[in-house]
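Following: one structure in structure tokens, then a few remarks.
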Amino acid sequence: MKRRALITWLGGVALSSPFLVRAGRAQQTLPVIGFLSSGSPTRDDPIFDAFQQGLATTGLVVGRDVNLEFRIGTHEQFLEHAEELVRRKVAVLVLAGTMPPPRLAVSAAASSIPIVFASAIDPVEAGVVISLSRPGGSVTGVATLNVELAAKRLELLRELLPHAATVALMVNPENAPMTRAYTDRTQAAAAALTLEVKVLQASAASDIDAAFAVFARERPDALVITPDTFFNSRIVQLASLALRHKMPAIYHFRSFAAAGGLIAMGGSLTEAYMQVGIYTGRIIKGEKPADLPVVQATTVELVFNQKTAKALGLAVPPRFLVRADEVIE
């Protein structure tokens, strides 16, 4: 897939701009899609191309039929930016990598603004939709594979580190449903692999620094980072610290491996965001979110940073590289 530079990131400050607006076209006559992310997208992140491709399958082209307005910033800025887009009365609000918090869902529903999400959290368990087949209300979207891959991520680390005895698990205590589900699955998988799990909590940038200070003292053999919107917004910090402390680490976003993390393994974001684009287009054309079942993405992508593996002194089995969907040299 051709990747294009779509975002300028200025010191972590959230940006807002029309996207690919065709010259001479009156912007205010076109429906506006609000696209909100608390992650750390890179300039070559494929999700934006996938989203546009999904829109295109419904006959909508950005700049011709719709405008796209971004709010991309920190985890802490998320709700503020979301409610700004609600006040802006966008046609559809797209939430990248998270579920709508209750306050946002209420304000969006009151303004008759549909929400389309892509998230690793079970939307039924999170209380966002009534059921996957009949979401109800004004929210629908895509649930990506992540919690379900907890055991597989440990198996990958064990394959690379056959003599590993201890694995650190970083969780965000403020995200109780994800923390509970992912910790339970990781500990069950670790028991089967005779690995000890040490759980460390982080819900602020300073907590991440403190956690790596603990790693420096206790030297676990590897690190697993729980899929979480806060950690999505700290990918560069996590990858940099893991490399600095020579810690083999695994996360679920490709951008983690691109930033210097060892492994990224998760549900296919291109698959997820293409479906998000399709749903967004269908809603703009008149369909109701309540009638669009939540899609469960099934494709898994594995991205491996070979340069980081060399820096860590890891001997990588050839079969491992063959299985990877992408190897970063």
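All residue names refer to the structure tokens as shown: chains lettered A, B, ... in order, residues numbered from 1 in each chain, ligands numbered from 1 in order.
If you count only C-alpha atoms and ignore residues fewer than 6 places along the chain from segment 273-282 of chain A, what sits within 6 Å of it is Ile47, Ala50, Phe51, Gly54, Leu55 and Thr58 of chain A.
Residues of segment 57-157 of chain A assigned to strand (DSSP E or B) by DSSP on this structure's backbone: Val62, Val66, Asn67, Leu68, Glu69, Phe70, Arg71, Ile72, Val92, Leu93, Val94, Leu95, Ala96, Ile115, Val116, Phe117, Ala118, Ser119, Val139, Thr140, Gly141, Val142 and Ala143 of chain A.
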Near Glu83 of chain A, within 9 Å and counting only C-alpha atoms, which residues show up once chain neighbours fewer than 3 positions away are dropped, as an mmCIF file with N, CA and C atoms, in the first residue's frame?
data_model
loop_
_atom_site.group_PDB
_atom_site.id
_atom_site.type_symbol
_atom_site.label_atom_id
_atom_site.label_comp_id
_atom_site.auth_asym_id
_atom_site.auth_seq_id
_atom_site.Cartn_x
_atom_site.Cartn_y
_atom_site.Cartn_z
ATOM 1 N N PHE A 78 -7.784 13.941 25.050
ATOM 2 C CA PHE A 78 -8.742 13.213 24.231
ATOM 3 C C PHE A 78 -10.168 13.736 24.394
ATOM 4 N N LEU A 79 -10.676 13.766 25.620
ATOM 5 C CA LEU A 79 -12.071 14.142 25.833
ATOM 6 C C LEU A 79 -12.315 15.588 25.437
ATOM 7 N N GLU A 80 -11.364 16.457 25.725
ATOM 8 C CA GLU A 80 -11.501 17.865 25.346
ATOM 9 C C GLU A 80 -11.665 18.010 23.834
ATOM 10 N N VAL A 86 -17.740 17.501 18.772
ATOM 11 C CA VAL A 86 -19.193 17.402 18.953
ATOM 12 C C VAL A 86 -19.822 18.784 18.822
ATOM 13 N N ARG A 87 -19.209 19.781 19.458
ATOM 14 C CA ARG A 87 -19.732 21.152 19.338
ATOM 15 C C ARG A 87 -19.637 21.644 17.892
ATOM 16 N N ARG A 88 -18.658 21.149 17.189
ATOM 17 C CA ARG A 88 -18.471 21.503 15.776
ATOM 18 C C ARG A 88 -19.572 20.900 14.903
ATOM 19 N N LEU A 104 -18.804 11.480 26.691
ATOM 20 C CA LEU A 104 -18.755 11.794 25.275
ATOM 21 C C LEU A 104 -19.928 11.164 24.539
ATOM 22 N N SER A 107 -23.078 13.257 25.182
ATOM 23 C CA SER A 107 -23.100 14.549 24.498
ATOM 24 C C SER A 107 -23.218 14.375 22.993
ATOM 25 N N ALA A 108 -22.576 13.338 22.438
ATOM 26 C CA ALA A 108 -22.687 13.090 21.005
ATOM 27 C C ALA A 108 -24.110 12.683 20.635
#
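Ranking A:Pro46, A:Gly34, A:Pro317, A:Pro177 by their shortest atom-to-atom distance to Arg254 of chain A, with only C-alpha atoms included, puts A:Pro46 first.
The shortest atom-to-atom distance to Pro135 of chain A, with only C-alpha atoms taken into account, belongs to A:Leu292 out of A:Leu292, A:Ala188, A:Leu157, A:Val327.
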So the first atom is atom CA of Thr298 of chain A and the second is atom CA of Gly141 of chain A; what is the distance between them in Å, to one decimal place?
14.1 Å
Do you know which residues are at most 8 Å from segment 324-326 of chain A counting only C-alpha atoms, after dropping those on the same chain fewer than 6 positions away, and could you put them as an NGL selection string?
:A and (301-304)
Take the residues from that selection and put them in a file with N, CA and C atoms, as an mmCIF file, in the first residue's frame.
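again18.cif was written with the following content:
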data_model
loop_
_atom_site.group_PDB
_atom_site.id
_atom_site.type_symbol
_atom_site.label_atom_id
_atom_site.label_comp_id
_atom_site.auth_asym_id
_atom_site.auth_seq_id
_atom_site.Cartn_x
_atom_site.Cartn_y
_atom_site.Cartn_z
ATOM 1 N N GLU A 301 -1.431 -9.051 12.432
ATOM 2 C CA GLU A 301 -0.196 -8.614 11.797
ATOM 3 C C GLU A 301 0.969 -8.685 12.777
ATOM 4 N N LEU A 302 2.109 -9.160 12.297
ATOM 5 C CA LEU A 302 3.328 -9.255 13.089
ATOM 6 C C LEU A 302 4.409 -8.398 12.438
ATOM 7 N N VAL A 303 4.929 -7.435 13.191
ATOM 8 C CA VAL A 303 5.996 -6.551 12.701
ATOM 9 C C VAL A 303 7.195 -6.717 13.631
ATOM 10 N N PHE A 304 8.368 -6.914 13.030
ATOM 11 C CA PHE A 304 9.572 -7.209 13.797
ATOM 12 C C PHE A 304 10.668 -6.225 13.424
#
From the DSSP assignment of the backbone, select every residue of segment 126-297 of chain A that is alpha helix (DSSP H), and format the answer as JSON, numbers by chain.
{"A": [150, 151, 152, 153, 154, 155, 156, 157, 158, 159, 160, 176, 177, 178, 179, 180, 181, 182, 183, 184, 185, 186, 187, 188, 189, 190, 191, 192, 205, 206, 207, 208, 209, 210, 211, 212, 213, 214, 215, 216, 217, 218, 229, 230, 231, 232, 235, 236, 237, 238, 239, 240, 241, 242, 243, 244, 254, 255, 256, 257, 258, 269, 270, 271, 272, 273, 274, 275, 276, 277, 278, 279, 280, 281, 282, 283, 284]}
Can you list, as a PyMOL selection string, every protein, DNA or RNA residue that comes within 9 Å of Asp228 of chain A when you count only C-alpha atoms, leaving out same-chain residues fewer than 5 positions away?
chain A and resi 97-98+120-121+171-172+175+178-179+233
Could you pull the residues within 12 Å of Arg219 of chain A, counting only C-alpha atoms, minus those fewer than 2 positions along the same chain, as a short mmCIF file (atom, residue, chain, number, x, y, z; two decimals) with all heavy atoms, in the first residue's frame?
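Output (selection_3.cif):
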data_model
loop_
_atom_site.label_atom_id
_atom_site.label_comp_id
_atom_site.auth_asym_id
_atom_site.auth_seq_id
_atom_site.Cartn_x
_atom_site.Cartn_y
_atom_site.Cartn_z
N ALA A 164 14.24 -17.42 29.14
CA ALA A 164 13.59 -16.38 29.94
C ALA A 164 12.87 -17.00 31.13
O ALA A 164 12.27 -18.08 31.02
CB ALA A 164 12.61 -15.59 29.09
N ALA A 165 12.93 -16.30 32.26
CA ALA A 165 12.26 -16.77 33.48
C ALA A 165 11.22 -15.78 33.99
O ALA A 165 10.22 -16.19 34.59
CB ALA A 165 13.29 -17.03 34.58
N THR A 166 11.43 -14.48 33.75
CA THR A 166 10.54 -13.45 34.27
C THR A 166 10.15 -12.48 33.17
O THR A 166 10.99 -12.03 32.39
CB THR A 166 11.22 -12.66 35.40
OG1 THR A 166 11.67 -13.56 36.42
CG2 THR A 166 10.26 -11.65 36.01
N VAL A 167 8.86 -12.16 33.13
CA VAL A 167 8.34 -11.18 32.17
C VAL A 167 7.62 -10.08 32.94
O VAL A 167 6.82 -10.36 33.84
CB VAL A 167 7.36 -11.85 31.18
CG1 VAL A 167 6.69 -10.80 30.30
CG2 VAL A 167 8.09 -12.87 30.31
N ALA A 168 7.93 -8.84 32.61
CA ALA A 168 7.23 -7.71 33.19
C ALA A 168 6.00 -7.39 32.35
O ALA A 168 6.05 -7.45 31.12
CB ALA A 168 8.15 -6.50 33.27
N LYS A 198 5.67 -10.17 36.50
CA LYS A 198 5.72 -9.06 37.45
C LYS A 198 4.90 -7.91 36.85
O LYS A 198 5.22 -7.41 35.77
CB LYS A 198 7.15 -8.59 37.69
CG LYS A 198 7.23 -7.42 38.67
CD LYS A 198 8.68 -7.05 38.95
CE LYS A 198 8.75 -5.89 39.94
NZ LYS A 198 8.13 -6.21 41.23
N ALA A 211 8.74 2.84 36.13
CA ALA A 211 8.69 1.41 35.84
C ALA A 211 10.00 0.93 35.24
O ALA A 211 10.52 -0.13 35.61
CB ALA A 211 7.52 1.10 34.90
N PHE A 212 10.56 1.71 34.33
CA PHE A 212 11.83 1.30 33.72
C PHE A 212 12.98 1.40 34.72
O PHE A 212 13.97 0.67 34.59
CB PHE A 212 12.11 2.12 32.46
CG PHE A 212 11.44 1.55 31.24
CD1 PHE A 212 10.18 1.99 30.85
CD2 PHE A 212 12.06 0.56 30.49
CE1 PHE A 212 9.56 1.46 29.73
CE2 PHE A 212 11.44 0.03 29.37
CZ PHE A 212 10.19 0.47 28.99
N ALA A 213 12.87 2.26 35.71
CA ALA A 213 13.87 2.29 36.78
C ALA A 213 13.82 0.98 37.56
O ALA A 213 14.86 0.44 37.96
CB ALA A 213 13.62 3.48 37.70
N VAL A 214 12.61 0.45 37.75
CA VAL A 214 12.46 -0.86 38.40
C VAL A 214 13.07 -1.95 37.52
O VAL A 214 13.78 -2.85 38.00
CB VAL A 214 10.98 -1.16 38.68
CG1 VAL A 214 10.81 -2.60 39.20
CG2 VAL A 214 10.41 -0.19 39.69
N PHE A 215 12.84 -1.88 36.21
CA PHE A 215 13.42 -2.86 35.30
C PHE A 215 14.95 -2.85 35.39
O PHE A 215 15.59 -3.90 35.37
CB PHE A 215 13.02 -2.57 33.86
CG PHE A 215 11.54 -2.62 33.59
CD1 PHE A 215 11.00 -1.94 32.52
CD2 PHE A 215 10.70 -3.35 34.40
CE1 PHE A 215 9.64 -1.98 32.25
CE2 PHE A 215 9.33 -3.40 34.16
CZ PHE A 215 8.81 -2.71 33.08
N ALA A 216 15.50 -1.64 35.50
CA ALA A 216 16.95 -1.53 35.56
C ALA A 216 17.51 -2.23 36.78
O ALA A 216 18.62 -2.79 36.74
CB ALA A 216 17.36 -0.05 35.56
N ARG A 217 16.75 -2.23 37.88
CA ARG A 217 17.21 -2.89 39.11
C ARG A 217 16.95 -4.39 39.10
O ARG A 217 17.80 -5.18 39.49
CB ARG A 217 16.50 -2.28 40.33
CG ARG A 217 16.86 -0.83 40.63
CD ARG A 217 16.40 -0.44 42.04
NE ARG A 217 14.98 -0.73 42.25
CZ ARG A 217 14.00 0.16 42.00
NH1 ARG A 217 14.29 1.35 41.50
NH2 ARG A 217 12.75 -0.17 42.25
N ASP A 221 13.35 -10.48 32.03
CA ASP A 221 13.89 -10.89 30.73
C ASP A 221 13.20 -10.24 29.54
O ASP A 221 13.77 -10.15 28.46
CB ASP A 221 13.80 -12.41 30.61
CG ASP A 221 14.65 -13.11 31.66
OD1 ASP A 221 15.87 -12.90 31.66
OD2 ASP A 221 14.08 -13.85 32.48
N ALA A 222 11.95 -9.80 29.74
CA ALA A 222 11.20 -9.21 28.63
C ALA A 222 10.07 -8.36 29.20
O ALA A 222 9.73 -8.44 30.38
CB ALA A 222 10.65 -10.28 27.70
N LEU A 223 9.47 -7.57 28.31
CA LEU A 223 8.38 -6.67 28.71
C LEU A 223 7.21 -6.84 27.75
O LEU A 223 7.37 -6.84 26.54
CB LEU A 223 8.87 -5.22 28.68
CG LEU A 223 7.80 -4.13 28.78
CD1 LEU A 223 7.10 -4.18 30.14
CD2 LEU A 223 8.41 -2.75 28.55
N ALA A 242 12.70 1.12 26.25
CA ALA A 242 12.97 -0.32 26.10
C ALA A 242 14.32 -0.54 25.42
O ALA A 242 15.10 -1.42 25.83
CB ALA A 242 11.84 -0.98 25.32
N HIS A 245 17.26 0.50 27.78
CA HIS A 245 17.48 -0.47 28.87
C HIS A 245 17.70 -1.88 28.34
O HIS A 245 17.74 -2.83 29.13
CB HIS A 245 16.30 -0.45 29.84
CG HIS A 245 16.22 0.80 30.67
ND1 HIS A 245 16.93 0.95 31.84
CD2 HIS A 245 15.54 1.95 30.49
CE1 HIS A 245 16.67 2.14 32.35
NE2 HIS A 245 15.83 2.77 31.56
N LYS A 246 17.83 -2.01 27.01
CA LYS A 246 18.06 -3.31 26.38
C LYS A 246 17.00 -4.33 26.82
O LYS A 246 17.31 -5.47 27.21
CB LYS A 246 19.47 -3.83 26.68
CG LYS A 246 20.56 -2.94 26.06
CD LYS A 246 21.92 -3.59 26.15
CE LYS A 246 22.97 -2.72 25.46
NZ LYS A 246 22.68 -2.50 24.02
N MET A 247 15.76 -3.90 26.74
CA MET A 247 14.63 -4.71 27.17
C MET A 247 13.85 -5.21 25.95
O MET A 247 13.22 -4.42 25.25
CB MET A 247 13.71 -3.88 28.06
CG MET A 247 12.45 -4.61 28.50
SD MET A 247 12.78 -5.89 29.73
CE MET A 247 13.47 -4.89 31.04
N PRO A 248 13.86 -6.51 25.64
CA PRO A 248 13.01 -7.03 24.57
C PRO A 248 11.54 -6.77 24.94
O PRO A 248 11.08 -7.20 26.01
CB PRO A 248 13.32 -8.53 24.55
CG PRO A 248 14.65 -8.65 25.23
CD PRO A 248 14.67 -7.56 26.27
#
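Shortest atom-to-atom contact with Met265 of chain A among A:Ile208, A:Ala151, A:Ala290, A:Ile33: A:Ala151, counting only C-alpha atoms.
Contact shell of Leu145 of chain A at 9 Å (only C-alpha atoms; same-chain neighbours under 6 positions omitted): A:Ser119, A:Ala120, A:Ile121, A:Gly266, A:Gly267, A:Ser268, A:Gln296, A:Ala297, A:Thr298, A:Thr299, A:Val300.
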